[in-house]
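Reviewing the structure listed below.
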Protein chains: 2
Amino acid sequence: MSPASQTLARNARADAEPSRQRPLDSFFTPQSIAIIGASPDAKKIRGLLQSLLQKNGYPGKLYPVNPSYGEIAGVRCFPSIGAIGESIDLALIAIPAPSVLPALEQCARAGVRNAVIISSGFAEEGGGSFEMQRDIAALARRTGMRISGPNAEGFYNEIGRVAATFSPAVDVMPGATRHIAATRRIGIVAQSGGIGFALYNRGRAMGLSFSYVVSTGNEVDLHIGDFLNHMVHDDATDVVMLFLESVRDAKSFVDAAAEAARISKPIIVAKIGKSDAGERAAASHTASMTGWNAAYRAVFAKHGFIEAHDPDEAVAIAAALTSAPLPNGDRAAVITASGGAGAWAADVLATSGFTVPELSPDLQAKIAALIPSYGSARNPVDVTAQAIQTGGLQRAIELLNEADEIDVIALVVSLASEHRVLFELEAMQAIIESRRKPVLVYSYTIPSEFGRGKMAEAGLPVFASLADLGKAARHLVARAHFIPPTEVKRRRFQVPPGLFQRASAKSGCLSESDSKQLLKACGIAFPDEQLVANDEELDRAMNEIGFPLALKIQSADLPHKSEVGGVKLAIADAEAGRTVYCEMLQNVKSLRPDAAIRGVLVSPMARSGVEIIIGAVRDELFGPILIVGLGGIATELFHDVAYRPAPVSEADALAMLRELRSAALLQGFRGAPPSDIAALSALIAKVSLIADALPEIGEIELNPVIVHPEGLGVTVADALIVLNHASSRRAPTKARPCMR
Amino acid sequence: MSPASQTLARNARADAEPSRQRPLDSFFTPQSIAIIGASPDAKKIRGLLQSLLQKNGYPGKLYPVNPSYGEIAGVRCFPSIGAIGESIDLALIAIPAPSVLPALEQCARAGVRNAVIISSGFAEEGGGSFEMQRDIAALARRTGMRISGPNAEGFYNEIGRVAATFSPAVDVMPGATRHIAATRRIGIVAQSGGIGFALYNRGRAMGLSFSYVVSTGNEVDLHIGDFLNHMVHDDATDVVMLFLESVRDAKSFVDAAAEAARISKPIIVAKIGKSDAGERAAASHTASMTGWNAAYRAVFAKHGFIEAHDPDEAVAIAAALTSAPLPNGDRAAVITASGGAGAWAADVLATSGFTVPELSPDLQAKIAALIPSYGSARNPVDVTAQAIQTGGLQRAIELLNEADEIDVIALVVSLASEHRVLFELEAMQAIIESRRKPVLVYSYTIPSEFGRGKMAEAGLPVFASLADLGKAARHLVARAHFIPPTEVKRRRFQVPPGLFQRASAKSGCLSESDSKQLLKACGIAFPDEQLVANDEELDRAMNEIGFPLALKIQSADLPHKSEVGGVKLAIADAEAGRTVYCEMLQNVKSLRPDAAIRGVLVSPMARSGVEIIIGAVRDELFGPILIVGLGGIATELFHDVAYRPAPVSEADALAMLRELRSAALLQGFRGAPPSDIAALSALIAKVSLIADALPEIGEIELNPVIVHPEGLGVTVADALIVLNHASSRRAPTKARPCMR
């Protein structure tokens, strides 16, 4: 089955009881809502809740609760939640923080099923009411009432017309028009109400459709994973957009992510906290620590999350996913009436990883027949302003749509005019309805509302940013090639007795030879090496191993052995070996008199090959995270690494290698023979199984792993294991384990 | 002088006669305009010209010319240009192509000083009227009349109210408001009218001001360099924006670029033709071949051009340059009332190369006093919605403006509302007027016209894209650190007689030993090496050079000697050397029986160091282009290279090295000693002088150059020279010279 023929969200249901999978149905689509702290003043947050619910035409029952009023905006107001006497699906709570817990107790007694605490002043920096949050969480557990917030901006359910929020983004403006360019719906889950509703605001302007927008607040009870789970299981939601500061409950999050991957529902994610400042802000904003981003990136990569780096990119990807089929490949055609704009679009698509191939002679001839002689049928296809007016544009798009040589069509036009669009709309609509590949529209002038509206009638959102169109198109291709992770059978491993006890008390590290012994016991092969402690052992070892060889100091206290002169490579003969041995011991002893030396490791020099680093680091939230990169500057200077949660299958290990920009080195770069990728993938998978199976291990690093040509396997030249107690609380500043 | 205290465009004038430096004054600000082919039908291009001139209030004399009309839109119409009988500064020509040349002849006879040929159908693909263009160019040379176009979209002079174009972008819309957020003006020169006026359309919406927008058309007489020269010498133009497909006249372009660098007038450039498709489009669009982009990038880098990769980036950079002072450094503060949006902005700034440092305790204390306890004074500074309304936002910005610890302030707010902005405008205006550093405003919701207008009153354009704000801010920092190129004293070099004649007839290459001999004659030092042709010479050479050593086959016919087994490194002793020598000769002779072998080069193995590639390639348009990159995958896989036109000074060579992402390797990466950058810079400068001085040379490549630790110099391990006749017509597909 080709990727394009897959529907994006098959939403295959294994369970016939949707309510089991979507316990938040009564939260998002309540039959009745009580507003605790309701107010007639629609300038206040408390007043806005009722006002926005009413303006948006909430179809259920509305119960304002405030002892000061008998009626608010034509609706009877109750003195207390208990006084309503009807079943309440959702309570919106907008009263001062100290009154919230008593109000929740009343809600629980009245049988309220769900609550959103809008009130803030709890655990955010300066709030100082950690205990109150703890008590609210306990109440939720005790009563079964599901509670969102505190410090939440509420939610909006577009289909059910439930504007349970004070966000001005869902205010209904008199006379405002709305264009619907894409009918497939986006669900937004955001750990910042400001951003959640800003994404909605931006997507709506582009003509996108939504299911829900929900702001998660401080997540004392309902976590982001609960909301994600709802979106994943909700048939009305075709694409999910996440704004993440940190995940508090890994299991619900990862389970929902895995289900999304299984049913091919795309998740767009923006994860902040890349910068130190970002981390600080996340901490102060929702009273949580931002996790180590590499672990997040690992989880995202595994489940095919699409990472967006700024709000426009997020919205652009959503626009592409909800309005276009998935492409089969990365061959783009640009069609335009402006040569300059078309050429620029071709450049941006090329930068985004597309080829923009010259069209075949046959296709060129067909297109040339539709356009004036001063146009171009090559690619970019310049139909000229004249052919736009005479219908040549539509027919050329039809030809590109039918052509097997093109996967994506970029239509580059000017939609600034407030009163006319130059092509015939009905013909365009028919083409778009029958399209087999993405047609993405870019207006090089700022598109007018009129222009956006006309394109929306044809089912096409208009991209106002060329860079974002390029990124969105690239993500469509990546999505088309995403393969859900394969199930991995976990393993158990037997660690040699006493080995963990030999770790350095200071660094938590095992020596290289102990690290290798552990890995050997788990089935990883190493070259024949000998640990020597005196001249006789050295001579015997050199004799058996042969030249050239390497000598390396062995001490659990010296994980960075090259920094103390503890590594000498390419030793050519026995005389040189003896000299190096003596000097090395002397040097190390004088530099680090405190280090316990176990001896010197005599190793054969590995045959040549491509150098790889394989590592695993245990993350507190997501468990062991596997890291693979090419050795040397590719990993360290260009941060060219791939991440996955351990364990991974060999197929997934291969997918990690393919993600590397430097993957070309493994495929036979500049005439070199292709590397033994099969052996490397097997080793990566094995390391991931070990990291998964042994909770004692905090970090594993194999560096370098030398990958020989196809059929010749790999050589693990060095290895380091750091135990968990020394490393688990430490988030590495660089996304890699303990490096020498 | 700190960068921030420099004004952006000092516009120091060496010449007291501006008309000499701006021969296009009468073109851009004509006292009288004739429209040849004028029409009363404002739906046609011919009619739009007069209509737009009138709507924009052109203050000069207007003469429609068309024998079919006595009057058009209230203005007397003349049957011919000769019938006007007044002096004409500018003729706009919009008649069919075959009539253009006769009309120009009439213009010349009537003393018309300048003409814009709007008409197309000349040399664009399919036009087939190459001869007509040639004749127009000849007429311009003969008569001194300056001619723009054909196939031009004309120009717009915003100050002089001259809308000499049919672009709808300068149409005057009834009731449309315009916000001016930045009063410093942008001049646009574009080789695509569509893009030129689209950039104007986008910049105008952001509240930017312009001097001129000019579309250059096919450039038969007036080239892009002429227009650039005008903008550079024009006091009303503070920043220039260029859209380039290709430069036809290198001298006028480079001279104007150099003057811009000298007077510190920023030039933003978008150069298309990166992709193959882009090149084809450029070719078909304006009948020119797009040049090799590396040569452009070299010229841009030398003169401090700021490269923009898409229209939004170009406009964002212009917005920053025309509205903000230059920053002293890269320490950013984010100030916001939305924790999530602030954290995302901090992330994007960090990705753009900024640090977002936690504020000093002192500054935090001052800010904390202005905001509620649930805000944050750390950075991002979250003043909360409450402090926006009570003035805390403005006072916090004032504190950040005064603080030496911050260089750039990003204000992150929501400006979606159509009727209110939450802070007090007058206080904000006062702060902005006295600001010492950039204050860049981002609205995370789509900014309303009202919001944009209010910020414009305070002198602040609003960025609607966070990514573009990050890029613009980064370019401000780069601009602040730009140092104009230093003057380089050119050199002459004596080439050993007969050496060029020894080049391979097939490849144009000199052998390694001949390449090195030439470079030695020019003063570049090489290790002592010996070219040997028999066993006795080999033994003698090995004895003198010592071990380990390298053997390399020498043949002008084999520039890629390692591909035929012609390179063996690290030979440990004489026995191994003899074996390798015999095998190498046998292998090469059997693989390439046609190659003329000059012998085998015996070289000492270089001491270790950082490997660098230095190259130069002669570009047909811009002359020899110098290329520097770190060896291995950094250059080849990550395209991490720096370009400059040759020659360069040692200071400029150093600037090239600093541009490399992998520059860290030279600065003592991970505990290694810093490299001898001084020796490397001297070598780069020397290579550039040689490439500049010897037109016979098409390519020079020194690869690898091994850079030793500070004070220990460099070793040029291999060198290749390719003569010009073999290489000058060939644009390398990769931006690097002949690689082995």
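Residue numbering restarts at 1 in every chain; chains get A, B, ... in the order shown in the structure tokens, and ligands count up from 1 in that same order.
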
Give me the residues near region 505-519 of chain B as an MDAnalysis selection string, where near means some atom within 10 Å (using only C-alpha atoms) and where sequence neighbours in that chain fewer than 6 positions away do not count. chainID B and resid 493:497 499 525:526 529:531 552:559 561 597:601 686:687 690 697:702 716:727 738

Apply DSSP to the backbone of this structure and, from region 158-327 of chain A, keep only the residues in alpha helix (DSSP H); write these as a PyMOL selection string. chain A and resi 193-205+224-233+250-262+276-286+293-303+311-323

Could you please determine the separation between CA of Gly523 (chain A) and CA of Leu683 (chain A) in Å, to one decimal place? 9.7 Å

Determine the nearest neighbour of Phe122 (chain A) from the options A:Ala403, A:Ile195, A:Leu666, A:Val220, counting only C-alpha atoms.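 Between A:Ala403, A:Ile195, A:Leu666, A:Val220, the residue approaching Phe122 (chain A) most closely is A:Val220.
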
Atom-to-atom span, CA of Gly668 (chain B) and CA of Leu637 (chain B), Å: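 Between these atoms lies a distance of 22.2 Å.
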
Selection near Ala427 (chain A), 10 Å with only C-alpha atoms, sequence-local residues under 3 positions removed, as a list in words: Gly391, Gln394, Arg395, Phe423, Glu424, Ala430, Ile431, Ile432 and Ala458 of chain A

To one decimal in Å, tell me the separation between CA of Cys522 (chain B) and CA of Pro695 (chain B). 14.2 Å

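In this comparison, which uses only C-alpha atoms, the residue of A:Phe243, A:Phe547, A:Tyr643, A:Phe300 approaching chain B most closely is A:Phe243.
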
For region 567-572 of chain B: contacts at 12 Å, only C-alpha atoms, fewer than 5 positions along chain excluded, given as number ranges by chain: A: 548, 570-573; B: 512, 542, 545-554, 558-562, 577-585, 587-588, 600-607, 717-718, 740

Can you write out the residues you just picked, keeping C-alpha atoms, as a PDB file, in the first residue's frame?
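Output (selection-v4.pdb):
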```
ATOM      1  CA  PRO A 548      50.120  -2.780  15.744  1.00  0.00           C
ATOM      2  CA  ALA A 570      49.225   2.140  16.806  1.00  0.00           C
ATOM      3  CA  ILE A 571      52.173   0.853  18.795  1.00  0.00           C
ATOM      4  CA  ALA A 572      54.426  -0.758  16.182  1.00  0.00           C
ATOM      5  CA  ASP A 573      56.695  -3.158  18.099  1.00  0.00           C
TER       6      ASP A 573
ATOM      7  CA  GLU B 512      51.217  17.099  -7.492  1.00  0.00           C
ATOM      8  CA  MET B 542      63.744   7.088   2.064  1.00  0.00           C
ATOM      9  CA  ILE B 545      63.495  11.594   4.685  1.00  0.00           C
ATOM     10  CA  GLY B 546      63.176   8.949   7.392  1.00  0.00           C
ATOM     11  CA  PHE B 547      60.148   6.962   8.579  1.00  0.00           C
ATOM     12  CA  PRO B 548      57.200   6.906   8.676  1.00  0.00           C
ATOM     13  CA  LEU B 549      56.736   8.297   5.175  1.00  0.00           C
ATOM     14  CA  ALA B 550      54.243   8.397   2.317  1.00  0.00           C
ATOM     15  CA  LEU B 551      54.535   7.387  -1.341  1.00  0.00           C
ATOM     16  CA  LYS B 552      52.322   9.049  -3.959  1.00  0.00           C
ATOM     17  CA  ILE B 553      52.189   8.439  -7.706  1.00  0.00           C
ATOM     18  CA  GLN B 554      52.933  11.540  -9.811  1.00  0.00           C
ATOM     19  CA  LEU B 558      45.896  11.297 -12.524  1.00  0.00           C
ATOM     20  CA  PRO B 559      44.564  14.140 -10.377  1.00  0.00           C
ATOM     21  CA  HIS B 560      42.548  11.614  -8.348  1.00  0.00           C
ATOM     22  CA  LYS B 561      45.555   9.481  -7.471  1.00  0.00           C
ATOM     23  CA  SER B 562      44.083   7.683  -4.485  1.00  0.00           C
ATOM     24  CA  GLY B 577      58.595   1.162   1.101  1.00  0.00           C
ATOM     25  CA  ARG B 578      60.172  -0.915  -1.682  1.00  0.00           C
ATOM     26  CA  THR B 579      57.221  -3.295  -1.802  1.00  0.00           C
ATOM     27  CA  VAL B 580      54.705  -0.462  -1.932  1.00  0.00           C
ATOM     28  CA  TYR B 581      56.720   1.297  -4.668  1.00  0.00           C
ATOM     29  CA  CYS B 582      56.694  -1.721  -6.963  1.00  0.00           C
ATOM     30  CA  GLU B 583      53.068  -2.577  -6.372  1.00  0.00           C
ATOM     31  CA  MET B 584      51.948   1.009  -6.847  1.00  0.00           C
ATOM     32  CA  LEU B 585      53.667   1.354 -10.226  1.00  0.00           C
ATOM     33  CA  ASN B 587      48.773  -1.223 -10.253  1.00  0.00           C
ATOM     34  CA  VAL B 588      48.641   2.197 -11.793  1.00  0.00           C
ATOM     35  CA  VAL B 600      56.672   8.588  -7.184  1.00  0.00           C
ATOM     36  CA  LEU B 601      56.819  11.318  -4.549  1.00  0.00           C
ATOM     37  CA  VAL B 602      58.440  10.368  -1.253  1.00  0.00           C
ATOM     38  CA  SER B 603      57.091  12.573   1.583  1.00  0.00           C
ATOM     39  CA  PRO B 604      57.521  12.582   5.341  1.00  0.00           C
ATOM     40  CA  MET B 605      54.306  11.960   7.317  1.00  0.00           C
ATOM     41  CA  ALA B 606      53.100  15.253   8.705  1.00  0.00           C
ATOM     42  CA  ARG B 607      52.761  15.787  12.419  1.00  0.00           C
ATOM     43  CA  ALA B 717      50.412  17.742   2.541  1.00  0.00           C
ATOM     44  CA  ASP B 718      49.001  17.756  -0.974  1.00  0.00           C
ATOM     45  CA  ARG B 740      40.352  13.783  -4.947  1.00  0.00           C
TER      46      ARG B 740
END
```

Write out as a ChimeraX atom specification the residues lying within 9 Å of region 316-330 of chain B, counting only C-alpha atoms and excluding same-chain residues fewer than 4 positions away. /B:2-8,181-186,203,206-209,238-241,266,268,306,308,311-312,353-356,406-408,435-440,459-463,465,468-469,471-477,479-481

If you run DSSP over the backbone, which residues in region 393-602 of chain A end up strand (DSSP E)? Put them as a ChimeraX atom specification. /A:408-413,439-443,462-463,530-532,549-554,567-571,599-602

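Taking only C-alpha atoms, the non-local environment of Ala138 (chain A) within 12 Å (same-chain residues fewer than 6 positions away omitted) comprises A:Leu101, A:Leu104, A:Glu105, A:Glu131, A:Met132, A:Gly144, A:Met145, A:Arg146, A:Ile147, A:Val220, A:Asp221.
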
Output C-alpha atoms for every residue in the selection just made, as a tab-separated table (two decimals), in the first residue's frame.
```tsv
chain	number	residue	atom	x	y	z
A	101	LEU	CA	-11.21	23.16	47.63
A	104	LEU	CA	-14.89	21.11	44.89
A	105	GLU	CA	-16.12	19.25	47.95
A	131	GLU	CA	-0.67	21.81	49.74
A	132	MET	CA	-3.93	22.99	48.20
A	144	GLY	CA	-13.67	10.00	40.92
A	145	MET	CA	-14.48	13.54	39.79
A	146	ARG	CA	-12.05	14.50	37.03
A	147	ILE	CA	-10.41	17.86	37.59
A	220	VAL	CA	-3.19	18.13	39.44
A	221	ASP	CA	-5.52	15.40	38.20
```

For region 335-340 of chain B, list every protein, DNA or RNA residue within 7 Å, evaluated using only C-alpha atoms, and leave out those in the same chain fewer than 3 positions away; present the list as a list in words. Ser192, Gly194, Ile195, Ala281 and His285 of chain A; Ala343, Trp344, Pro380, Val381, Asp382, Val383, Thr384, Ala385, Ala410, Leu411, Val412 and Val413 of chain B

Include all heavy atoms and write out the residues we just selected as a compact mmCIF listing (two decimals), in the first residue's frame.
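That gives us out.txt:
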```
# COMPACT_ATOMS: atom_id res chain seq x y z
N SER A 192 0.01 25.68 27.83
CA SER A 192 -0.09 27.14 27.99
C SER A 192 -1.36 27.55 27.27
O SER A 192 -1.49 27.33 26.06
CB SER A 192 1.12 27.83 27.35
OG SER A 192 0.77 29.15 26.96
N GLY A 194 -2.35 30.53 26.63
CA GLY A 194 -2.03 31.59 25.67
C GLY A 194 -1.62 31.00 24.33
O GLY A 194 -2.10 31.42 23.27
N ILE A 195 -0.75 30.00 24.36
CA ILE A 195 -0.27 29.39 23.12
C ILE A 195 -1.35 28.51 22.49
O ILE A 195 -1.56 28.55 21.29
CB ILE A 195 1.01 28.56 23.38
CG1 ILE A 195 2.19 29.49 23.67
CG2 ILE A 195 1.32 27.64 22.20
CD1 ILE A 195 2.60 30.38 22.52
N ALA A 281 11.71 29.21 32.34
CA ALA A 281 10.35 29.72 32.17
C ALA A 281 9.33 28.62 32.41
O ALA A 281 8.32 28.84 33.06
CB ALA A 281 10.19 30.28 30.77
N HIS A 285 6.46 28.73 35.10
CA HIS A 285 5.12 28.88 34.57
C HIS A 285 4.17 27.83 35.10
O HIS A 285 3.07 28.13 35.51
CB HIS A 285 5.15 28.81 33.05
CG HIS A 285 3.81 29.02 32.43
ND1 HIS A 285 3.02 30.11 32.73
CD2 HIS A 285 3.13 28.28 31.54
CE1 HIS A 285 1.91 30.02 32.04
NE2 HIS A 285 1.94 28.92 31.32
N ALA B 343 8.41 31.53 26.95
CA ALA B 343 9.35 30.41 26.93
C ALA B 343 9.63 29.97 25.49
O ALA B 343 10.76 29.63 25.13
CB ALA B 343 8.79 29.24 27.73
N TRP B 344 8.58 29.98 24.66
CA TRP B 344 8.80 29.59 23.25
C TRP B 344 9.71 30.61 22.57
O TRP B 344 10.63 30.26 21.81
CB TRP B 344 7.46 29.47 22.52
CG TRP B 344 7.49 28.48 21.39
CD1 TRP B 344 8.61 27.91 20.84
CD2 TRP B 344 6.38 27.94 20.69
NE1 TRP B 344 8.25 27.05 19.83
CE2 TRP B 344 6.90 27.05 19.71
CE3 TRP B 344 4.99 28.11 20.77
CZ2 TRP B 344 6.06 26.34 18.83
CZ3 TRP B 344 4.17 27.41 19.89
CH2 TRP B 344 4.69 26.53 18.95
N PRO B 380 12.82 34.33 30.71
CA PRO B 380 11.83 35.34 30.39
C PRO B 380 11.22 36.02 31.62
O PRO B 380 10.97 35.37 32.63
CB PRO B 380 10.74 34.56 29.64
CG PRO B 380 11.44 33.36 29.10
CD PRO B 380 12.54 33.06 30.02
N VAL B 381 11.00 37.33 31.44
CA VAL B 381 10.34 38.11 32.48
C VAL B 381 8.84 38.03 32.21
O VAL B 381 8.37 38.49 31.17
CB VAL B 381 10.82 39.57 32.44
CG1 VAL B 381 10.05 40.42 33.42
CG2 VAL B 381 12.32 39.65 32.70
N ASP B 382 8.11 37.41 33.13
CA ASP B 382 6.65 37.29 32.97
C ASP B 382 6.03 38.33 33.89
O ASP B 382 5.96 38.14 35.11
CB ASP B 382 6.21 35.88 33.35
CG ASP B 382 4.72 35.65 33.12
OD1 ASP B 382 4.00 36.64 32.85
OD2 ASP B 382 4.27 34.50 33.23
N VAL B 383 5.60 39.45 33.30
CA VAL B 383 5.07 40.54 34.14
C VAL B 383 3.64 40.28 34.55
O VAL B 383 3.13 40.97 35.43
CB VAL B 383 5.18 41.92 33.43
CG1 VAL B 383 6.63 42.24 33.13
CG2 VAL B 383 4.33 41.98 32.19
N THR B 384 2.98 39.31 33.92
CA THR B 384 1.55 38.97 34.13
C THR B 384 0.65 40.04 33.53
O THR B 384 1.06 41.19 33.33
CB THR B 384 1.16 38.80 35.62
OG1 THR B 384 1.00 40.10 36.21
CG2 THR B 384 2.19 37.99 36.39
N ALA B 385 -0.56 39.62 33.21
CA ALA B 385 -1.52 40.53 32.60
C ALA B 385 -1.77 41.74 33.49
O ALA B 385 -1.97 42.87 33.02
CB ALA B 385 -2.83 39.79 32.33
N ALA B 410 13.12 41.23 23.57
CA ALA B 410 11.99 40.74 22.79
C ALA B 410 10.73 40.89 23.63
O ALA B 410 10.64 40.33 24.73
CB ALA B 410 12.20 39.28 22.40
N LEU B 411 9.80 41.68 23.12
CA LEU B 411 8.53 41.92 23.82
C LEU B 411 7.49 41.00 23.19
O LEU B 411 7.19 41.10 21.99
CB LEU B 411 8.14 43.40 23.67
CG LEU B 411 6.77 43.82 24.17
CD1 LEU B 411 6.58 43.50 25.65
CD2 LEU B 411 6.56 45.32 23.91
N VAL B 412 6.95 40.08 23.97
CA VAL B 412 6.07 39.03 23.46
C VAL B 412 4.67 39.24 24.02
O VAL B 412 4.45 39.07 25.23
CB VAL B 412 6.61 37.64 23.84
CG1 VAL B 412 5.66 36.54 23.44
CG2 VAL B 412 7.99 37.42 23.20
N VAL B 413 3.76 39.66 23.16
CA VAL B 413 2.41 40.03 23.62
C VAL B 413 1.36 39.51 22.64
O VAL B 413 1.70 38.98 21.59
CB VAL B 413 2.28 41.58 23.71
CG1 VAL B 413 3.03 42.11 24.91
CG2 VAL B 413 2.75 42.25 22.44
```

My list of candidates is B:Gln429, B:Ser99, B:Asn401, B:Ser448. Which is closest to chain A when distances are computed with only C-alpha atoms?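 For chain A, the nearest of the candidates is B:Ser448.
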
Go through B:Asp310, B:Asp41, B:Glu575, B:Glu449 one by one, measure the shortest atom-to-atom distance of each to chain A using only C-alpha atoms, and give the residue with the smallest value. B:Asp310
